[in-house]
Structure formats: structure tokens, C-alpha cells
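So this one's start12.txt, compact mmCIF, C-alpha atoms:
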```txt
# COMPACT_ATOMS: atom_id res chain seq x y z
CA MET A 1 -164.27 26.50 127.56
CA ALA A 2 -160.63 26.84 126.60
CA GLN A 3 -158.21 24.41 128.18
CA VAL A 4 -155.29 25.78 130.20
CA GLU A 5 -152.00 25.00 128.49
CA ARG A 6 -149.70 22.96 130.73
CA LEU A 7 -146.14 24.26 130.93
CA SER A 8 -143.08 22.08 130.99
CA THR A 9 -140.72 22.14 133.93
CA TRP A 10 -138.25 24.34 132.07
CA GLN A 11 -140.98 26.75 130.97
CA ALA A 12 -142.30 26.96 134.54
CA PHE A 13 -138.80 27.73 135.81
CA GLN A 14 -138.38 30.44 133.17
CA GLN A 15 -141.76 31.89 134.10
CA ARG A 16 -140.80 32.15 137.78
CA THR A 17 -137.32 33.55 137.21
CA LYS A 18 -137.89 35.96 134.33
CA HIS A 19 -138.13 38.97 136.66
CA GLY A 20 -135.05 37.97 138.67
CA ASP A 21 -136.68 37.90 142.11
CA VAL A 22 -136.18 34.18 142.73
CA ILE A 23 -132.58 34.27 141.48
CA PHE A 24 -131.80 37.25 143.68
CA TRP A 25 -133.43 35.54 146.68
CA LEU A 26 -131.44 32.35 146.11
CA LEU A 27 -128.19 34.31 145.70
CA THR A 28 -128.63 36.25 148.93
CA LEU A 29 -129.70 33.07 150.74
CA PHE A 30 -126.52 31.34 149.57
CA PHE A 31 -124.24 34.04 150.94
CA ALA A 32 -126.20 34.23 154.21
CA LEU A 33 -125.82 30.47 154.67
CA LEU A 34 -122.15 30.73 153.66
CA VAL A 35 -121.46 32.97 156.66
CA ILE A 36 -123.11 30.44 158.96
CA ALA A 37 -121.09 27.64 157.35
CA LEU A 38 -117.84 29.55 157.89
CA VAL A 39 -118.60 30.03 161.59
CA ALA A 40 -119.49 26.36 161.90
CA ALA A 41 -116.27 25.40 160.09
CA VAL A 42 -114.15 27.48 162.47
CA GLY A 43 -115.87 25.87 165.43
CA TYR A 44 -115.41 22.38 163.98
CA VAL A 45 -111.71 22.88 163.22
CA THR A 46 -110.91 24.25 166.67
CA TRP A 47 -113.01 21.57 168.37
CA MET A 48 -111.33 18.70 166.53
CA GLY A 49 -107.86 20.21 166.80
CA SER A 50 -108.17 20.57 170.56
CA SER A 51 -109.39 17.00 171.20
CA GLU A 52 -106.06 15.84 172.67
CA ALA A 53 -105.90 18.72 175.15
CA ARG A 54 -109.58 18.40 176.06
CA GLY A 55 -109.17 14.71 176.71
CA ARG A 56 -106.26 15.30 179.06
CA PHE A 57 -107.24 18.46 180.94
CA GLY A 58 -111.03 18.74 180.66
CA LEU A 59 -112.80 21.79 182.04
CA SER A 60 -110.19 22.19 184.79
CA PHE A 61 -107.93 23.65 182.09
CA LEU A 62 -109.94 26.88 182.30
CA LEU A 63 -109.08 27.37 185.97
CA GLN A 64 -105.44 26.29 185.97
CA THR A 65 -102.37 28.54 185.97
CA GLY A 66 -98.84 27.75 184.86
CA TRP A 67 -97.33 27.52 181.39
CA ASP A 68 -94.36 25.24 180.75
CA PRO A 69 -94.53 23.36 177.42
CA ASN A 70 -91.45 21.29 178.25
CA ALA A 71 -93.07 19.93 181.41
CA GLN A 72 -96.52 19.60 179.78
CA ASN A 73 -97.91 22.10 182.30
CA PHE A 74 -100.61 24.27 180.77
CA GLY A 75 -103.23 26.57 182.22
CA ALA A 76 -105.65 28.89 180.43
CA LEU A 77 -106.66 31.10 183.35
CA PRO A 78 -103.93 33.77 182.87
CA ALA A 79 -104.81 34.10 179.18
CA ILE A 80 -108.56 34.28 179.87
CA TYR A 81 -108.02 36.81 182.66
CA GLY A 82 -105.71 38.93 180.51
CA THR A 83 -108.17 38.89 177.60
CA LEU A 84 -111.18 39.90 179.67
CA MET A 85 -109.32 42.44 181.80
CA SER A 86 -107.56 44.26 178.95
CA SER A 87 -110.73 44.31 176.84
CA GLY A 88 -112.79 45.51 179.79
CA ILE A 89 -110.34 48.35 180.45
CA ALA A 90 -110.42 49.28 176.76
CA LEU A 91 -114.21 49.40 176.65
CA LEU A 92 -114.40 51.32 179.94
CA LEU A 93 -112.04 53.99 178.60
CA ALA A 94 -113.08 54.13 174.94
CA GLY A 95 -116.84 53.73 175.39
CA PRO A 96 -117.70 57.09 177.00
CA LEU A 97 -115.08 58.94 174.95
CA GLY A 98 -116.30 57.43 171.68
CA ILE A 99 -119.91 58.31 172.45
CA LEU A 100 -118.96 61.90 173.34
CA ILE A 101 -116.91 62.25 170.14
CA GLY A 102 -119.85 60.93 168.12
CA ILE A 103 -122.22 63.39 169.80
CA PHE A 104 -119.88 66.30 169.07
CA LEU A 105 -119.41 65.35 165.41
CA SER A 106 -123.13 64.88 164.74
CA GLU A 107 -124.75 67.52 166.96
CA LEU A 108 -122.31 70.23 168.04
CA CYS A 109 -119.44 70.42 165.53
CA PRO A 110 -119.46 73.38 163.09
CA GLN A 111 -120.26 72.27 159.57
CA ARG A 112 -116.89 73.36 158.13
CA LEU A 113 -115.03 71.17 160.64
CA ARG A 114 -117.33 68.15 160.59
CA ASN A 115 -115.95 66.41 157.50
CA PRO A 116 -112.23 66.94 158.32
CA LEU A 117 -112.65 65.78 161.91
CA SER A 118 -114.72 62.78 160.84
CA PHE A 119 -112.02 61.84 158.34
CA LEU A 120 -109.31 62.05 161.00
CA VAL A 121 -111.33 59.89 163.40
CA GLU A 122 -111.88 57.24 160.74
CA LEU A 123 -108.21 57.41 159.78
CA LEU A 124 -107.29 56.13 163.24
CA ALA A 125 -109.23 52.94 162.50
CA ALA A 126 -107.15 52.35 159.35
CA ILE A 127 -103.79 52.35 161.15
CA PRO A 128 -102.37 48.79 161.40
CA SER A 129 -102.27 47.33 164.88
CA VAL A 130 -98.51 46.79 164.73
CA ILE A 131 -98.07 50.57 164.39
CA TYR A 132 -100.05 51.06 167.59
CA GLY A 133 -97.84 48.46 169.22
CA MET A 134 -94.63 50.16 168.12
CA TRP A 135 -95.91 53.53 169.32
CA GLY A 136 -96.84 51.93 172.62
CA VAL A 137 -93.41 50.33 173.10
CA PHE A 138 -91.26 53.32 172.13
CA VAL A 139 -93.41 56.29 173.20
CA PHE A 140 -96.28 55.46 175.52
CA VAL A 141 -94.70 52.80 177.76
CA PRO A 142 -91.71 54.97 178.86
CA PHE A 143 -94.00 57.93 179.51
CA PHE A 144 -96.57 55.83 181.35
CA ARG A 145 -93.95 54.09 183.48
CA SER A 146 -92.26 57.31 184.63
CA TRP A 147 -95.15 59.73 184.93
CA VAL A 148 -98.21 57.60 185.70
CA ALA A 149 -97.45 54.08 186.95
CA ALA A 150 -94.59 54.87 189.33
CA PRO A 151 -96.33 57.77 191.16
CA ILE A 152 -99.58 55.82 191.46
CA ALA A 153 -97.80 52.69 192.75
CA LYS A 154 -95.93 54.71 195.38
CA GLY A 155 -99.07 56.52 196.50
CA VAL A 156 -102.45 54.88 195.90
CA GLY A 157 -100.84 51.49 195.29
CA LYS A 158 -99.94 51.11 198.97
CA SER A 159 -103.64 50.85 199.80
CA PHE A 160 -104.95 49.20 196.63
CA PRO A 161 -103.06 46.07 195.48
CA LEU A 162 -104.61 46.36 192.03
CA LEU A 163 -102.52 49.53 191.49
CA SER A 164 -99.37 48.45 193.33
CA GLY A 165 -95.85 47.96 191.92
CA PRO A 166 -93.33 47.03 190.80
CA VAL A 167 -93.45 48.86 187.47
CA ALA A 168 -89.85 48.38 186.33
CA ALA A 169 -90.74 47.08 182.84
CA GLY A 170 -93.69 49.39 182.31
CA ARG A 171 -95.59 46.85 180.20
CA GLY A 172 -98.70 45.32 181.66
CA LEU A 173 -102.45 44.85 181.54
CA LEU A 174 -103.29 48.51 182.07
CA VAL A 175 -100.98 49.64 179.27
CA ALA A 176 -102.49 47.03 176.97
CA GLY A 177 -105.99 48.17 177.90
CA ILE A 178 -105.14 51.79 177.12
CA ILE A 179 -103.60 50.89 173.75
CA LEU A 180 -106.66 48.79 172.90
CA ALA A 181 -108.89 51.69 173.95
CA ILE A 182 -107.12 53.96 171.47
CA MET A 183 -107.59 51.32 168.77
CA ILE A 184 -111.33 50.81 169.28
CA LEU A 185 -112.10 54.49 169.95
CA PRO A 186 -112.55 55.46 166.26
CA THR A 187 -114.87 52.49 165.67
CA ILE A 188 -117.17 53.47 168.51
CA ALA A 189 -117.02 57.17 167.61
CA ALA A 190 -117.75 56.59 163.91
CA ILE A 191 -120.70 54.26 164.57
CA THR A 192 -122.15 56.63 167.18
CA ARG A 193 -121.84 59.54 164.76
CA ASP A 194 -123.55 57.64 161.96
CA VAL A 195 -126.35 56.41 164.21
CA LEU A 196 -127.03 59.88 165.61
CA ALA A 197 -126.96 61.39 162.12
CA VAL A 198 -130.00 59.34 161.02
CA VAL A 199 -132.17 60.35 163.98
CA PRO A 200 -135.18 62.19 162.44
CA ASN A 201 -135.03 65.94 162.81
CA HIS A 202 -138.56 66.08 164.20
CA GLN A 203 -137.16 64.46 167.35
CA ARG A 204 -134.89 67.47 167.86
CA GLU A 205 -137.47 70.02 166.75
CA ALA A 206 -140.10 68.68 169.13
CA MET A 207 -137.81 69.04 172.14
CA LEU A 208 -136.56 72.48 171.14
CA ALA A 209 -140.13 73.63 170.54
CA VAL A 210 -141.09 72.99 174.17
CA GLY A 211 -138.12 75.02 175.44
CA ALA A 212 -135.47 72.35 175.93
CA THR A 213 -131.80 73.29 175.84
CA ARG A 214 -129.37 71.72 173.40
CA TRP A 215 -128.12 69.30 176.07
CA GLU A 216 -131.67 68.35 177.10
CA MET A 217 -132.58 67.77 173.46
CA ILE A 218 -129.60 65.44 172.97
CA ARG A 219 -130.13 63.59 176.25
CA ARG A 220 -133.91 63.16 176.08
CA ALA A 221 -134.62 62.85 172.36
CA VAL A 222 -131.53 61.95 170.32
CA LEU A 223 -129.65 59.49 172.54
CA PRO A 224 -132.71 57.37 173.50
CA TYR A 225 -133.67 57.07 169.84
CA ALA A 226 -130.17 55.89 168.87
CA ARG A 227 -129.58 53.70 171.92
CA ALA A 228 -129.67 50.37 170.07
CA GLY A 229 -127.12 51.51 167.50
CA ILE A 230 -124.80 52.92 170.15
CA ILE A 231 -124.87 49.64 172.06
CA GLY A 232 -124.06 47.82 168.84
CA GLY A 233 -121.06 50.09 168.28
CA LEU A 234 -119.79 49.43 171.80
CA MET A 235 -120.07 45.69 171.33
CA LEU A 236 -118.32 45.89 167.96
CA GLY A 237 -115.44 47.73 169.61
CA LEU A 238 -115.33 45.15 172.38
CA GLY A 239 -115.16 42.39 169.80
CA ARG A 240 -112.10 43.97 168.20
CA ALA A 241 -110.43 44.36 171.58
CA LEU A 242 -111.03 40.70 172.43
CA GLY A 243 -109.39 39.49 169.23
CA GLU A 244 -106.50 41.98 168.99
CA THR A 245 -103.15 40.22 168.70
CA MET A 246 -100.02 42.13 167.72
CA ALA A 247 -100.54 45.36 169.64
CA ALA A 248 -101.51 43.47 172.79
CA LEU A 249 -98.56 41.10 172.48
CA MET A 250 -96.09 43.99 172.18
CA VAL A 251 -97.21 45.91 175.28
CA ILE A 252 -98.81 43.44 177.69
CA GLY A 253 -95.60 41.89 179.04
CA SER A 254 -96.08 38.23 177.91
CA VAL A 255 -96.39 36.72 181.41
CA LYS A 256 -98.05 33.38 180.63
CA ASP A 257 -97.76 31.32 183.80
CA LYS A 258 -99.48 33.44 186.45
CA ILE A 259 -101.95 36.22 187.12
CA SER A 260 -100.41 39.46 188.32
CA PRO A 261 -102.20 40.98 191.32
CA SER A 262 -101.55 44.47 189.89
CA LEU A 263 -102.73 46.06 186.67
CA PHE A 264 -99.18 47.34 186.22
CA GLY A 265 -97.89 43.76 186.09
CA GLY A 266 -97.44 41.75 182.93
CA GLY A 267 -99.99 39.38 181.47
CA ILE A 268 -101.06 37.70 178.26
CA THR A 269 -104.18 37.48 176.11
CA ALA A 270 -105.55 34.39 174.44
CA ALA A 271 -105.06 35.76 170.92
CA SER A 272 -101.48 36.90 171.51
CA LEU A 273 -100.57 33.62 173.21
CA VAL A 274 -101.82 31.55 170.27
CA ALA A 275 -100.17 33.83 167.70
CA SER A 276 -96.79 33.81 169.45
CA GLU A 277 -96.50 30.06 170.14
CA LEU A 278 -98.58 28.12 167.62
CA PRO A 279 -96.09 28.43 164.71
CA ASN A 280 -93.34 26.98 166.93
CA ALA A 281 -95.26 24.42 168.99
CA ASN A 282 -93.03 21.82 170.65
CA ASP A 283 -95.27 18.78 170.14
CA SER A 284 -98.83 17.72 169.43
CA MET A 285 -99.99 18.37 173.01
CA HIS A 286 -98.60 21.90 172.94
CA GLU A 287 -100.33 22.55 169.61
CA SER A 288 -103.61 21.04 170.79
CA THR A 289 -103.51 23.17 173.95
CA LEU A 290 -103.06 26.34 171.92
CA ILE A 291 -105.96 25.35 169.68
CA LEU A 292 -108.03 24.75 172.82
CA ILE A 293 -107.25 28.30 173.96
CA ALA A 294 -108.35 29.48 170.52
CA LEU A 295 -111.58 27.52 171.01
CA VAL A 296 -112.11 29.22 174.37
CA LEU A 297 -111.57 32.62 172.75
CA PHE A 298 -114.01 31.62 170.00
CA GLY A 299 -116.58 30.75 172.65
CA ILE A 300 -116.03 34.04 174.47
CA THR A 301 -116.51 35.93 171.20
CA LEU A 302 -119.73 34.08 170.42
CA LEU A 303 -121.02 34.73 173.93
CA VAL A 304 -120.22 38.44 173.70
CA ASN A 305 -121.91 38.72 170.31
CA ALA A 306 -124.98 36.88 171.55
CA LEU A 307 -125.14 39.21 174.54
CA ALA A 308 -124.73 42.18 172.21
CA ARG A 309 -127.61 41.03 170.02
CA LEU A 310 -129.78 40.58 173.10
CA MET A 311 -128.94 44.06 174.36
CA VAL A 312 -129.59 45.63 170.96
CA TRP A 313 -132.89 43.75 170.68
CA ARG A 314 -134.02 44.88 174.11
CA ALA A 315 -132.95 48.46 173.45
CA ALA A 316 -134.72 48.51 170.08
CA ARG A 317 -138.04 47.14 171.32
CA GLY A 318 -138.13 48.84 174.73
CA PRO A 319 -139.23 52.36 175.57
CA VAL A 320 -136.93 54.96 174.08
CA GLY A 321 -137.88 57.96 176.11
CA SER A 322 -140.97 59.99 176.69
CA ALA A 323 -139.91 62.56 174.13
CA ARG A 324 -140.03 60.22 171.14
CA ALA A 325 -142.61 61.41 168.64
```

Would you encode the structure as C-alpha cells?
Amino acid sequence: MAQVERLSTWQAFQQRTKHGDVIFWLLTLFFALLVIALVAAVGYVTWMGSSEARGRFGLSFLLQTGWDPNAQNFGALPAIYGTLMSSGIALLLAGPLGILIGIFLSELCPQRLRNPLSFLVELLAAIPSVIYGMWGVFVFVPFFRSWVAAPIAKGVGKSFPLLSGPVAAGRGLLVAGIILAIMILPTIAAITRDVLAVVPNHQREAMLAVGATRWEMIRRAVLPYARAGIIGGLMLGLGRALGETMAALMVIGSVKDKISPSLFGGGITAASLVASELPNANDSMHESTLILIALVLFGITLLVNALARLMVWRAARGPVGSARA
């Protein structure tokens, strides 16, 4: 009986890697772990950089108001409130509109108009945020102040403090939310369009074959099938709204020391606060406090992404409608 020839270590390595599978696996594993390492590095840097502020303020920092670097008076609540409120307004406005635009482009738009309209929608996502901010300051804010905010404050605002005045400056949380909605709208619309476009045609044909209308086909067969992808698009848009800096800073009013009882009042977001003050921090405590706010924003972003993954997972594994073939 012939003896099996024993291979050296180098020959065994060549034998395993000659088809490239192991090398490709190691390469993709490296880049996957690199992403995790980058997230961990960001968390480590913000955690260590905020140690002085954490040691002085603790968790009470999250619930405090006031912002006076000269008096060492810092509170993160206005920035957290402004971030969540402006992003929530943006998602509330852009979410339904983006989904409807995606449905039109994928299901209802004539073929000759589909590509040009899709290009224009995606072009909105390529516009720099500072351009949106300039447009908001010079065009939208004057219009909104005169034709929307002032009439609402004089009418509905007398009964609802959230919509009350004054609106002299015109910049505020609601304006920032609308600008952010315009910015995340193309992202949500483009993802919705792409997700709906890959729904198998037999889903549509099955519904139409039993006498369903176009709207019933979309509602009962197409949208349930694409639900996980649509939720992912919404969460991606929300993530951009949470981290937006320049556009929000230009139109939100930059009120850092208190929470306005009205959506027409000024505010601040965590990202815009850090961007505007960190380069010119007064001392180490001021800098550490700003890094702590960045850490809070980092935590909010991680929480939102974890929630998004959970929602996508539940939508993907749950029932997707009785019409799914």
C-alpha cells in the first residue's frame, strides 16, 4: 500500500489558497472587522475625551439646562431635545412623502418619465447641506415666517402652546425639521423605489388575476413584500437627520441654554452645538463637555440603528400579507 506523502506547511498553505477562496474570505473578514474597530475607536475616543465632564456632572448632565461656558454652567437637555424633535419632525414629514414618491416611480410612473424623475430625486441627495441651509435662510425662512408661522401663532397658537409665538426671527425647531425633511426625502424615496422594483412580478400578477385594482395590488402584495426594506430606508433617513450639522445650525436659531415651549422658537442640536463651539473651546472643561455631548449623540445613533435592525428583522421574518405567493 502506497504511503501518503506528507506536505510541508508551505505546501499545505499553497494547497488551501490556490483557488483563492481562503484569501478572499480573510480579506472580507478583515474589512468587516475594520468597520467594527472604527466604531469602537470612535466610542473610545469620545469616552476618554469626556472623562472630565462625566466626572463633574454625571448623568444629571442629560437633564440639565443652561449653557454658559464662562460660568462653567452646562446642560445637554436643550441639545438632546432639539436633536430628537427636529429629526422626529423630519421623519414625520419626509417618511410618507418619500414612500409615496417611491411607489409612483416604481409602480405608476410612465416609462419615459421614470428615469428622468428618478435622476432628479437622486440629485437632491447630492446637494451639499450648506446649500440647503443657505436656501433656508434666504428663501424659506422669510416665507415661512410671514405666511405660515405668524398666521398659525395668531390663530391656533392661542390654544396650543406648541404652536404659539413669538416668531420674529423665523428660525426655529419647526423650520429645521422641514429643512431636514427636504434633505432626507430623496434618500427615503430612492430606497423605497429600489426596494419596490425588486418585488417579483408574480406578486403583482397574482393579485391582478383575482380582480384586484392597481391600488389593492400595491397595498396588499407589493408593500407588504417590501416592508423590511422600506423600514430600513426610513431609519437611514432618520440617521442622516440626527447627524446633520450645517443646515440645522443655520436655520434652528442656536438657542443653547433653554428649551423653547413653541416649535417656532429657536433651539440647537447636538451635532450643530459641537461643530460650532468645539474649535473655539474656552478651556478643558468646555471641550470635555462638548465631547460628552458628542458621546451622547453617538449613543443615540447606536440606539436608533439597533432599533432599526430590530424592526427590519421583525418585518423580514414576520407575516408579509396573505397575498404573498

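The smallest atom-to-atom distance between Ser288 in chain A and any of A:Val274, A:Leu238, A:Met134, A:Leu100, using all atoms listed in the file, is found for A:Val274.
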
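Our summary of the geometry notes that CA of Arg314 in chain A is positioned 18.1 Å from CA of Thr192 in chain A.
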
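By chain and then residue number, the residues within 10 Å of Leu123 in chain A are Leu117, Ser118 and Pro186 of chain A, counting all atoms listed in the file and disregarding those fewer than 5 positions away in sequence.
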
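If you measure from each of A:Ala71, A:Leu97, A:Gly165, A:Gly232 to Ala306 in chain A using only C-alpha atoms, the closest one turns out to be A:Gly232.
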
Q | For Asn201 in chain A, the nearest of the candidates A:Leu174, A:Ile218, A:Thr28, A:Ser164, counting only C-alpha atoms | A | A:Ile218

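The shell of residues at most 8 Å from range 291-297 of chain A, with all atoms listed in the file counted and near chain neighbours (fewer than 4 positions) removed, consists of Gly43, Thr46, Trp47, Gly49, Ser50, Ala53, Arg54, Ala76, Ile80, Ala270, Ala271, Val274, Glu287 and Thr301 of chain A.
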
**Q.** For Trp313 in chain A: contacts at 12 Å, all atoms listed in the file, fewer than 6 positions along chain excluded, given as a list in words
**A.** Arg227, Ala228, Gly229, Ile231, Gly232, Ala306, Leu307 and Pro319 of chain A

Could you write those residues out with C-alpha atoms, as a PDB file, in the frame of the given file?
```
ATOM      1  CA  ARG A 227    -129.580  53.700 171.920  1.00  0.00           C
ATOM      2  CA  ALA A 228    -129.670  50.370 170.070  1.00  0.00           C
ATOM      3  CA  GLY A 229    -127.120  51.510 167.500  1.00  0.00           C
ATOM      4  CA  ILE A 231    -124.870  49.640 172.060  1.00  0.00           C
ATOM      5  CA  GLY A 232    -124.060  47.820 168.840  1.00  0.00           C
ATOM      6  CA  ALA A 306    -124.980  36.880 171.550  1.00  0.00           C
ATOM      7  CA  LEU A 307    -125.140  39.210 174.540  1.00  0.00           C
ATOM      8  CA  PRO A 319    -139.230  52.360 175.570  1.00  0.00           C
TER       9      PRO A 319
END
```

Q: Quick one: everything within 8 Å of range 239-248 of chain A, counting all atoms listed in the file, minus sequence neighbours fewer than 6 positions away in the same chain. Send it as a PyMOL selection string.
A: chain A and resi 83-84+86-87+90+129-134+176+179-181+184+268-269+271-272+275+301+304-305

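Atom pair CA of Val39 in chain A / CA of Ala308 in chain A has a distance of 17.3 Å (rounded to one decimal).
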
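Using all atoms listed in the file for every distance, the candidate list A:Leu302, A:Leu273, A:Val210, A:Leu124 yields A:Leu273 as the residue closest to Leu290 in chain A.
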
Q: Find the residues near Ala153 in chain A: any atom within 12 Å, counting all atoms listed in the file, skip ones fewer than 6 places away on the same chain, and give them as number ranges by chain.
A: A: 144-147, 159-168, 170, 262-265

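Picture a line from CA of Leu93 in chain A to CA of Thr187 in chain A; it runs 13.3 Å.
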
Please, what is the axis-aligned box for every listed atom of range 104-115 of chain A with 8 Å on each side, as centre and edge lengths in Å to one decimal, as AutoDock Vina command-line options?
```
--center_x -119.9 --center_y 69.1 --center_z 163.3 --size_x 25.7 --size_y 24.5 --size_z 27.6
```

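Residue nearest Ile89 in chain A, chosen from A:Gly266, A:Ala316, A:Val175, A:Leu310 and counting only C-alpha atoms: A:Val175.
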